[in-house]
Structure formats: structure tokens, C-alpha cells
>>> print(open('data_23.txt').read())   # compact mmCIF, C-alpha atoms
# COMPACT_ATOMS: atom_id res chain seq x y z
CA MET A 1 83.28 -135.47 -36.22
CA THR A 2 83.55 -133.00 -39.10
CA GLU A 3 83.00 -129.31 -38.46
CA LYS A 4 79.55 -128.06 -39.54
CA GLU A 5 79.31 -125.60 -42.42
CA LEU A 6 79.54 -121.83 -41.90
CA VAL A 7 76.37 -119.81 -42.60
CA LEU A 8 76.43 -116.05 -43.11
CA VAL A 9 73.27 -114.30 -41.83
CA THR A 10 72.80 -110.69 -42.92
CA GLY A 11 71.19 -108.17 -40.59
CA GLY A 12 71.93 -110.13 -37.42
CA THR A 13 69.85 -107.97 -35.07
CA GLY A 14 66.57 -108.45 -36.94
CA PHE A 15 63.54 -110.37 -35.68
CA ILE A 16 63.66 -113.11 -38.33
CA ALA A 17 67.46 -113.14 -38.37
CA VAL A 18 67.84 -113.76 -34.61
CA HIS A 19 65.40 -116.69 -34.69
CA THR A 20 67.18 -118.10 -37.75
CA ILE A 21 70.57 -117.79 -36.01
CA LEU A 22 69.08 -119.50 -32.95
CA GLN A 23 67.91 -122.49 -34.99
CA LEU A 24 71.12 -122.71 -37.03
CA LEU A 25 73.29 -122.78 -33.89
CA THR A 26 70.97 -125.33 -32.28
CA ARG A 27 71.42 -127.55 -35.35
CA GLY A 28 75.21 -127.31 -35.01
CA TYR A 29 76.00 -124.85 -37.80
CA ARG A 30 78.61 -122.16 -37.37
CA VAL A 31 77.14 -118.69 -37.90
CA ARG A 32 78.72 -115.39 -38.92
CA ALA A 33 76.25 -112.50 -38.58
CA THR A 34 76.59 -109.12 -40.25
CA LEU A 35 75.91 -105.97 -38.24
CA ARG A 36 75.94 -102.35 -39.34
CA ASN A 37 76.83 -101.40 -35.77
CA MET A 38 79.24 -103.74 -34.00
CA GLU A 39 78.18 -102.31 -30.64
CA ARG A 40 75.02 -104.43 -30.94
CA GLN A 41 76.82 -107.79 -30.56
CA ASP A 42 75.87 -108.14 -26.91
CA GLU A 43 72.26 -107.34 -27.76
CA VAL A 44 72.14 -110.24 -30.22
CA ARG A 45 73.79 -112.58 -27.72
CA ALA A 46 71.24 -111.55 -25.08
CA MET A 47 68.33 -112.27 -27.43
CA LEU A 48 69.74 -115.71 -28.25
CA THR A 49 70.23 -116.47 -24.56
CA HIS A 50 66.67 -115.33 -23.86
CA GLY A 51 65.60 -117.74 -26.62
CA GLY A 52 67.15 -120.62 -24.67
CA LEU A 53 70.57 -120.97 -26.29
CA GLN A 54 73.35 -121.72 -23.81
CA ASN A 55 76.40 -122.09 -26.06
CA LEU A 56 77.35 -119.19 -28.35
CA ASP A 57 80.84 -120.45 -29.24
CA ASN A 58 79.90 -120.99 -32.90
CA LEU A 59 78.69 -117.40 -33.38
CA THR A 60 80.86 -114.59 -34.73
CA PHE A 61 80.12 -111.11 -36.07
CA ILE A 62 81.42 -108.94 -38.89
CA GLN A 63 80.60 -105.34 -39.73
CA ALA A 64 78.91 -104.92 -43.11
CA ASP A 65 76.36 -102.50 -44.52
CA LEU A 66 74.10 -103.21 -47.51
CA THR A 67 74.74 -99.71 -48.84
CA LYS A 68 78.54 -100.11 -48.93
CA ASP A 69 81.02 -102.53 -50.53
CA ASP A 70 83.24 -102.67 -47.45
CA ASN A 71 83.80 -106.09 -45.85
CA TRP A 72 81.43 -108.16 -47.99
CA HIS A 73 84.37 -110.10 -49.45
CA GLU A 74 85.67 -110.81 -45.93
CA ALA A 75 82.16 -111.68 -44.75
CA MET A 76 81.89 -114.44 -47.37
CA LEU A 77 85.23 -116.15 -46.69
CA GLY A 78 84.71 -119.83 -45.87
CA VAL A 79 80.93 -119.51 -46.10
CA THR A 80 78.84 -122.37 -47.54
CA TYR A 81 75.39 -120.79 -47.23
CA VAL A 82 74.06 -117.23 -47.00
CA MET A 83 70.79 -116.24 -45.35
CA HIS A 84 70.14 -112.79 -46.81
CA ILE A 85 67.59 -111.49 -44.32
CA ALA A 86 68.58 -107.84 -43.91
CA SER A 87 66.38 -105.27 -45.64
CA SER A 88 64.56 -102.00 -45.12
CA THR A 89 61.19 -102.41 -43.37
CA PRO A 90 58.03 -100.29 -43.02
CA SER A 91 59.42 -99.07 -39.68
CA SER A 92 62.58 -97.72 -41.35
CA THR A 93 63.14 -93.98 -41.09
CA ASP A 94 63.08 -93.19 -44.81
CA GLN A 95 59.70 -94.23 -46.23
CA SER A 96 60.20 -92.69 -49.70
CA GLU A 97 60.43 -94.90 -52.78
CA GLU A 98 64.06 -93.89 -53.24
CA GLY A 99 64.82 -94.55 -49.58
CA MET A 100 63.23 -98.01 -49.61
CA ILE A 101 63.81 -99.41 -53.10
CA ARG A 102 67.39 -98.45 -53.97
CA PRO A 103 69.02 -99.88 -50.79
CA ALA A 104 66.95 -103.08 -51.09
CA VAL A 105 67.85 -103.74 -54.74
CA GLU A 106 71.49 -102.63 -54.54
CA GLY A 107 72.03 -104.40 -51.22
CA THR A 108 70.64 -107.68 -52.54
CA LEU A 109 72.86 -107.53 -55.62
CA ARG A 110 75.87 -106.62 -53.46
CA VAL A 111 75.32 -109.76 -51.35
CA LEU A 112 74.74 -112.04 -54.37
CA LYS A 113 77.83 -110.81 -56.23
CA ALA A 114 80.01 -111.28 -53.15
CA ALA A 115 78.53 -114.75 -52.59
CA LYS A 116 79.19 -115.82 -56.18
CA LYS A 117 82.75 -114.49 -56.09
CA ALA A 118 83.46 -116.40 -52.86
CA GLY A 119 82.07 -119.69 -54.18
CA VAL A 120 79.07 -119.84 -51.81
CA LYS A 121 76.84 -122.84 -52.52
CA ARG A 122 73.39 -121.34 -51.92
CA VAL A 123 71.77 -118.03 -50.95
CA VAL A 124 68.34 -117.99 -49.29
CA MET A 125 66.72 -114.57 -49.46
CA THR A 126 63.96 -113.19 -47.24
CA SER A 127 61.46 -111.58 -49.57
CA ALA A 128 57.81 -110.96 -48.58
CA PHE A 129 54.18 -111.44 -49.51
CA GLY A 130 54.59 -107.87 -50.76
CA ALA A 131 56.44 -109.36 -53.76
CA VAL A 132 53.60 -111.81 -54.44
CA GLY A 133 50.16 -110.27 -54.03
CA MET A 134 50.16 -106.53 -54.67
CA GLY A 135 48.63 -104.70 -57.63
CA ASP A 136 45.93 -107.24 -58.52
CA GLU A 137 43.31 -109.33 -56.72
CA ASN A 138 44.09 -112.74 -58.32
CA ASN A 139 40.35 -113.17 -59.00
CA GLY A 140 39.80 -113.65 -55.28
CA GLN A 141 41.81 -116.88 -55.29
CA PRO A 142 44.60 -117.66 -52.81
CA TYR A 143 47.99 -116.37 -53.92
CA THR A 144 50.73 -118.91 -54.62
CA GLU A 145 54.43 -118.68 -55.49
CA GLU A 146 53.42 -118.37 -59.15
CA ASN A 147 52.06 -114.90 -58.47
CA TRP A 148 54.14 -111.75 -58.63
CA SER A 149 53.10 -108.28 -57.49
CA GLN A 150 52.04 -106.13 -60.44
CA LEU A 151 53.58 -102.68 -60.16
CA ASP A 152 52.12 -101.21 -63.36
CA THR A 153 48.35 -101.66 -62.91
CA GLY A 154 47.75 -98.17 -61.52
CA VAL A 155 46.92 -99.57 -58.08
CA LEU A 156 48.60 -97.66 -55.25
CA ILE A 157 51.40 -99.80 -53.79
CA ASN A 158 53.47 -98.94 -50.73
CA PRO A 159 57.22 -98.30 -51.30
CA TYR A 160 58.10 -101.19 -48.95
CA GLN A 161 56.18 -103.67 -51.08
CA LYS A 162 57.69 -102.23 -54.24
CA SER A 163 61.15 -102.64 -52.67
CA LYS A 164 60.51 -106.31 -51.88
CA THR A 165 59.18 -106.97 -55.39
CA LEU A 166 62.00 -105.22 -57.22
CA SER A 167 64.77 -106.63 -55.01
CA GLU A 168 63.52 -110.20 -55.39
CA ARG A 169 63.10 -109.78 -59.15
CA ALA A 170 66.63 -108.35 -59.34
CA ALA A 171 67.92 -111.37 -57.42
CA TRP A 172 66.29 -113.93 -59.72
CA GLU A 173 67.50 -112.02 -62.78
CA TYR A 174 71.07 -111.91 -61.47
CA VAL A 175 71.12 -115.61 -60.52
CA THR A 176 69.63 -116.61 -63.89
CA ASN A 177 71.90 -114.44 -66.05
CA GLU A 178 75.12 -114.15 -64.05
CA GLY A 179 74.89 -116.62 -61.16
CA ALA A 180 76.96 -119.29 -62.89
CA GLY A 181 76.06 -122.13 -60.55
CA LEU A 182 75.10 -120.08 -57.48
CA GLU A 183 72.03 -121.77 -55.98
CA PHE A 184 69.17 -119.57 -54.80
CA ALA A 185 65.79 -119.73 -53.04
CA ALA A 186 63.41 -117.07 -51.73
CA ILE A 187 61.08 -117.07 -48.72
CA ASN A 188 57.98 -114.84 -48.87
CA PRO A 189 56.43 -114.41 -45.41
CA VAL A 190 53.04 -112.87 -44.68
CA GLY A 191 52.67 -110.94 -41.38
CA VAL A 192 55.34 -112.31 -39.04
CA MET A 193 54.32 -112.90 -35.41
CA GLY A 194 55.79 -115.08 -32.65
CA PRO A 195 58.00 -114.71 -29.58
CA ILE A 196 59.91 -111.45 -29.28
CA LEU A 197 63.37 -111.91 -27.77
CA GLY A 198 64.43 -108.28 -27.34
CA GLN A 199 63.94 -104.68 -28.43
CA ASP A 200 64.26 -105.47 -32.16
CA TYR A 201 61.08 -107.04 -33.50
CA SER A 202 58.93 -107.23 -36.61
CA HIS A 203 56.85 -104.29 -37.85
CA SER A 204 53.94 -106.76 -37.97
CA ASN A 205 54.14 -107.02 -34.17
CA GLN A 206 53.51 -103.31 -33.77
CA SER A 207 49.78 -103.78 -34.35
CA ILE A 208 49.60 -106.21 -31.41
CA ARG A 209 51.49 -103.77 -29.18
CA GLN A 210 49.20 -100.90 -30.24
CA MET A 211 46.10 -102.98 -29.47
CA LEU A 212 47.34 -104.01 -26.02
CA THR A 213 48.36 -100.48 -25.02
CA GLY A 214 45.11 -98.95 -26.23
CA GLU A 215 47.02 -96.80 -28.71
CA MET A 216 44.84 -98.35 -31.43
CA LYS A 217 41.29 -97.22 -30.56
CA ALA A 218 39.61 -99.16 -33.37
CA VAL A 219 40.91 -101.62 -35.97
CA PRO A 220 41.10 -101.08 -39.73
CA LYS A 221 39.01 -103.29 -41.99
CA ILE A 222 41.93 -105.24 -43.41
CA THR A 223 42.71 -108.93 -43.49
CA SER A 224 46.09 -110.63 -43.45
CA GLY A 225 47.86 -113.93 -43.34
CA TYR A 226 50.04 -114.59 -40.30
CA ILE A 227 53.04 -116.81 -39.64
CA ASP A 228 55.20 -117.55 -36.62
CA VAL A 229 58.80 -116.29 -36.78
CA ARG A 230 60.01 -119.72 -35.61
CA ASP A 231 58.35 -121.27 -38.65
CA VAL A 232 59.79 -118.61 -40.96
CA ALA A 233 63.23 -119.50 -39.60
CA SER A 234 62.68 -123.24 -40.05
CA LEU A 235 61.50 -122.67 -43.64
CA HIS A 236 64.70 -120.70 -44.37
CA ILE A 237 66.74 -123.66 -43.13
CA LEU A 238 64.72 -126.20 -45.14
CA ALA A 239 65.24 -124.01 -48.23
CA MET A 240 68.98 -123.94 -47.44
CA GLU A 241 69.41 -127.67 -46.84
CA ARG A 242 67.06 -129.36 -49.27
CA ALA A 243 68.32 -129.91 -52.82
CA GLU A 244 64.83 -129.61 -54.32
CA ALA A 245 64.44 -126.07 -52.91
CA ASN A 246 67.05 -124.65 -55.29
CA GLY A 247 65.49 -122.23 -57.76
CA LYS A 248 62.21 -122.02 -55.85
CA ARG A 249 60.30 -119.44 -53.86
CA PHE A 250 58.12 -120.38 -50.90
CA LEU A 251 55.23 -118.53 -49.28
CA ALA A 252 55.60 -118.62 -45.50
CA THR A 253 51.97 -118.63 -44.36
CA THR A 254 49.62 -120.76 -42.28
CA GLY A 255 47.10 -120.45 -45.10
CA GLU A 256 44.63 -118.73 -42.75
CA THR A 257 43.28 -115.24 -43.41
CA LEU A 258 42.26 -113.19 -40.38
CA SER A 259 40.76 -109.73 -40.08
CA MET A 260 42.24 -107.31 -37.57
CA LEU A 261 39.01 -107.76 -35.60
CA ASP A 262 39.67 -111.53 -35.52
CA VAL A 263 43.12 -110.79 -34.07
CA ALA A 264 41.58 -108.51 -31.43
CA LYS A 265 39.12 -111.26 -30.47
CA ILE A 266 41.99 -113.76 -30.04
CA LEU A 267 43.71 -111.37 -27.63
CA LYS A 268 40.48 -110.75 -25.72
CA LYS A 269 39.71 -114.48 -25.52
CA HIS A 270 43.08 -115.55 -24.07
CA LEU A 271 44.55 -112.60 -22.17
CA GLY A 272 41.68 -111.48 -19.94
CA ALA A 273 42.45 -108.28 -18.02
CA GLN A 274 45.74 -107.83 -19.93
CA ALA A 275 43.65 -107.27 -23.06
CA LYS A 276 41.25 -104.76 -21.50
CA ARG A 277 42.43 -101.96 -23.83
CA VAL A 278 42.16 -104.07 -27.01
CA PRO A 279 39.63 -102.43 -29.37
CA THR A 280 36.43 -104.20 -30.42
CA THR A 281 35.20 -101.87 -33.16
CA GLU A 282 36.33 -101.23 -36.74
CA ILE A 283 37.35 -97.96 -38.37
CA PRO A 284 35.25 -97.03 -41.42
CA ASN A 285 37.37 -97.18 -44.59
CA TRP A 286 36.75 -93.53 -45.44
CA THR A 287 38.01 -92.45 -42.02
CA LEU A 288 41.27 -94.35 -42.42
CA LYS A 289 41.82 -93.07 -45.97
CA LEU A 290 41.31 -89.51 -44.77
CA ALA A 291 43.68 -89.98 -41.83
CA ALA A 292 46.32 -91.55 -44.10
CA LYS A 293 46.54 -88.32 -46.09
CA LYS A 294 47.95 -86.60 -43.00
CA ASP A 295 49.68 -89.50 -41.24
CA ASP A 296 52.42 -91.32 -43.18
CA SER A 297 52.32 -94.27 -40.76
CA LEU A 298 48.80 -95.09 -42.02
CA LYS A 299 49.56 -94.92 -45.75
CA MET A 300 50.50 -98.62 -46.07
CA LEU A 301 47.36 -99.72 -44.17
CA ALA A 302 45.19 -97.60 -46.47
CA THR A 303 46.50 -99.47 -49.54
CA LEU A 304 45.38 -102.79 -47.98
CA LEU A 305 41.70 -101.95 -47.40
CA ASP A 306 39.43 -104.54 -49.08
CA LYS A 307 42.55 -106.32 -50.39
CA ASN A 308 42.44 -110.07 -51.13
CA MET A 309 45.03 -111.51 -48.73
CA LYS A 310 44.33 -115.23 -49.15
CA THR A 311 47.48 -117.36 -49.45
CA SER A 312 48.41 -121.01 -49.91
CA ASN A 313 51.29 -122.85 -48.21
CA GLU A 314 50.84 -126.03 -50.23
CA LYS A 315 54.24 -125.81 -51.92
CA ALA A 316 56.31 -125.58 -48.71
CA VAL A 317 54.18 -128.23 -46.99
CA THR A 318 54.26 -130.78 -49.81
CA MET A 319 57.78 -130.19 -51.17
CA LEU A 320 59.65 -129.62 -47.91
CA GLY A 321 57.39 -131.22 -45.29
CA TRP A 322 57.06 -127.88 -43.47
CA GLN A 323 54.40 -127.73 -40.75
CA PRO A 324 53.72 -124.25 -39.34
CA ARG A 325 51.97 -123.40 -36.08
CA SER A 326 48.52 -121.82 -36.17
CA ALA A 327 48.06 -118.09 -36.57
CA GLU A 328 46.35 -117.97 -33.16
CA GLU A 329 49.36 -119.53 -31.42
CA SER A 330 51.82 -117.14 -33.06
CA ILE A 331 49.68 -114.05 -32.32
CA LEU A 332 49.46 -115.06 -28.65
CA ALA A 333 53.22 -115.68 -28.54
CA THR A 334 53.76 -112.10 -29.73
CA ALA A 335 51.39 -110.71 -27.11
CA THR A 336 52.74 -112.71 -24.16
CA SER A 337 56.37 -111.89 -25.02
CA LEU A 338 55.55 -108.16 -25.31
CA ILE A 339 54.03 -108.36 -21.82
CA GLU A 340 56.88 -110.43 -20.33
CA LEU A 341 59.59 -108.14 -21.73
CA GLY A 342 57.83 -105.00 -20.51
CA LEU A 343 57.57 -103.58 -24.03
CA LEU A 344 54.09 -102.12 -23.52
CA ASP A 345 55.25 -99.28 -21.26
>>> encode(input="data_23.txt", output="C-alpha cells")
Amino acid sequence: MTEKELVLVTGGTGFIAVHTILQLLTRGYRVRATLRNMERQDEVRAMLTHGGLQNLDNLTFIQADLTKDDNWHEAMLGVTYVMHIASSTPSSTDQSEEGMIRPAVEGTLRVLKAAKKAGVKRVVMTSAFGAVGMGDENNGQPYTEENWSQLDTGVLINPYQKSKTLSERAAWEYVTNEGAGLEFAAINPVGVMGPILGQDYSHSNQSIRQMLTGEMKAVPKITSGYIDVRDVASLHILAMERAEANGKRFLATTGETLSMLDVAKILKKHLGAQAKRVPTTEIPNWTLKLAAKKDDSLKMLATLLDKNMKTSNEKAVTMLGWQPRSAEESILATATSLIELGLLD
């Protein structure tokens, strides 16, 4: 039996990355994960074990940082595929445009250049809905992969979403002009929910935690698409394996659009007494806008008020045969795992 290909996964501690590593190892691939801090190896192993993986023999780690050139050449040696998942998130310490955008763009190009130099076959990049649907309302129609966020319309856009837009655009430009045969695909998830395996989880999950703890007293009047992290991981692997995915971007979404109040009702419906602190009222828009002027953590939410967040998953479903779980199932998986891991204390 021939040895399965080696896949490099960047940002190995991340929520999406750990689930992607879990599925890759389960499918028999060898995985090399990059870490900024090598002391977190055991943490990743523990999350994978919690996710049900027994054999970690095909997993190795290498230290690499998106802001530095060190070790990227070594990281790519023998690699067939790269899952470039690492990036700054809205929970990152530096929320300034400079702090979010520059590392995202430069880090993406650093990975692509190292991949091309090493003869990697294909890179799959984790982008975001933030690179698809910001800056315009798309006439109220569902967003598709044909849409790109418009950064020059005068609409206020959060630095995180700008970073995702500019880093993905930089990636496509590099692959088109300098890639010389390097294959590439991008995955654009909406709000990522699903089972949490450890302390490192998606910023999208924070809203569920805040509802369950009672930290969120009322919900903002925003809507969102949701997707399970397990389905985001499986879409990354389909985009890696399938020939027809080369040169394409794929929205990772169930196609449903839920308000925050809808999410609260799901928690109330299924969790009983464990959801007793979940809010049932909405914050007036003017109140949130006023609060966002003083509280940086609310600035991104304020830019999403009354925003069209409809999305279509038709491309991934028809081209790749992808079948995601429902938003309700993934939201409940987030909530139950937060409770089971004791992350509400």
C-alpha cells in the first residue's frame, strides 16, 4: 500500500484547522501542522483525541509564523497539498487595520511563495464571507462566489473583513500572475459553529457562550448564515482532492439566514434550564451604535445592522456533492460542547 500524501495545515491550533486535521488523519493523509508556539503540540493532540481520533502517528509539527520567513521552506518539504487556514481573527489582540490587514496579506503571500518554490500541487485557503458580501447589499439577493466585498463604497467595513478581502484578492492575483502551475482554491465560510474540542474555538462561538452565561442581556438585530466546522473541514478536503475545484472559490454556508433572536430561540427550545440566561429581547439599533463608539468589541456588530446576509451554497453542493448539516444542529453542537467542556465558567 502506497503512503498517503503529506498535507501542510497552517495554524494548527485553530478551530477550523483542528477539525480539518482530524478529518485528514481519519482519511489516511499524513499531516504536518504549523504552530507559532511549539509548546501547544500537546494541546492539539488532546483536541484531536477528544474528537475521537485514536492514532496520531501521522501527525507532526513544525514552528512557523506568518509574519516571518523562518522555516516556511522546511515546512513545505515533501508536501503535496497546503491547507492555509491560519489568519488573524476578530478576537485577535490588535484590531487596527494595520494589525489585521498586513499580517493577513503578507502571511498569505509568504505561504503561497513557499508552496510554489517547493512544488506543492494545490493550496486551499480559508477566506471568509467577509471577502464576499461587505460594502454593498447585492440588491437583497443571496450572495454567491461571484460576489466580492466592495471596499470603496464608503460603507463602514470592519478591519477583519477588509483583511479577508485583501488577502484573498492578493492570493488570486499571485496565483494568476506568478503561480506558474500552482493550483488554488478558496473556502469562504459564514459564521462557523459546531463542536468545540478545546480552549481554542471560533470567534463566532463567542456569541453562543455569551448568551448561555447571561453576559449578553439582549441580542443585536443582525442576521447571519451559519455553518458547522465539520462541514467547513470537509469542504476544504473536497476542494483539495477534486480536480474541478482548482481555480474556484466556494461559500461554506447552509444557505439559511437566521437572526440572533432565532439563535436564542433554538437554544431555549433544546436546552431547557441550561438556557435560562439566554436573552429573549433585541437591542435597538441606536443603542448598539452608541455603545460601539465606546466599546471596540461591538464595532464589528454595529457594521452588520440591517445587513443583507443571504447566501447560496449551490456551487459547492452541485459541483462537489457537498451536503452540510443544518444551522440548528451546528448551533446546538456549539452550545452542548461549551457546556460539556466547562467553558461557561
>>> atom_distance(input="data_23.txt", atom1="CA of Leu56 (chain A)", atom2="CA of Val124 (chain A)")
22.8 Å
>>> closest_residue(input="data_23.txt", among="A:Gln199, A:Asn147, A:Thr13, A:Thr49", to="Phe61 (chain A)", atoms="all atoms listed in the file")
A:Thr13
>>> closest_residue(input="data_23.txt", among="A:Val190, A:Val44, A:Ala275, A:Ala239", to="Gly321 (chain A)", atoms="all atoms listed in the file")
A:Ala239
>>> closest_residue(input="data_23.txt", among="A:Gly272, A:Gly225, A:Pro279, A:Gly14", to="Gln210 (chain A)", atoms="only C-alpha atoms")
A:Pro279
>>> residues_around(input="data_23.txt", residues="region 216-224 of chain A", least_positions_apart="3", cutoff="8 Å", atoms="only C-alpha atoms", output="VMD selection string")
chain A and resid 190 to 191 207 210 to 211 213 257 to 261 278 to 285 288 301 304 to 310
>>> closest_residue(input="data_23.txt", among="A:Val120, A:Ile237, A:Leu267, A:Ala17", to="Ala333 (chain A)", atoms="all atoms listed in the file")
A:Leu267
>>> closest_atom_pairs(input="data_23.txt", of="region 141-202 of chain A", to="region 227-231 of chain A", cutoff="6 Å", atoms="only C-alpha atoms", output="JSON lines")
{"residue": "A:Val192", "atom": "CA", "partner": "A:Ile227", "partner_atom": "CA", "distance": 5.1}
{"residue": "A:Met193", "atom": "CA", "partner": "A:Asp228", "partner_atom": "CA", "distance": 4.9}
{"residue": "A:Gly194", "atom": "CA", "partner": "A:Asp228", "partner_atom": "CA", "distance": 4.7}
>>> atom_distance(input="data_23.txt", atom1="CA of His270 (chain A)", atom2="CA of Asp345 (chain A)")
20.5 Å
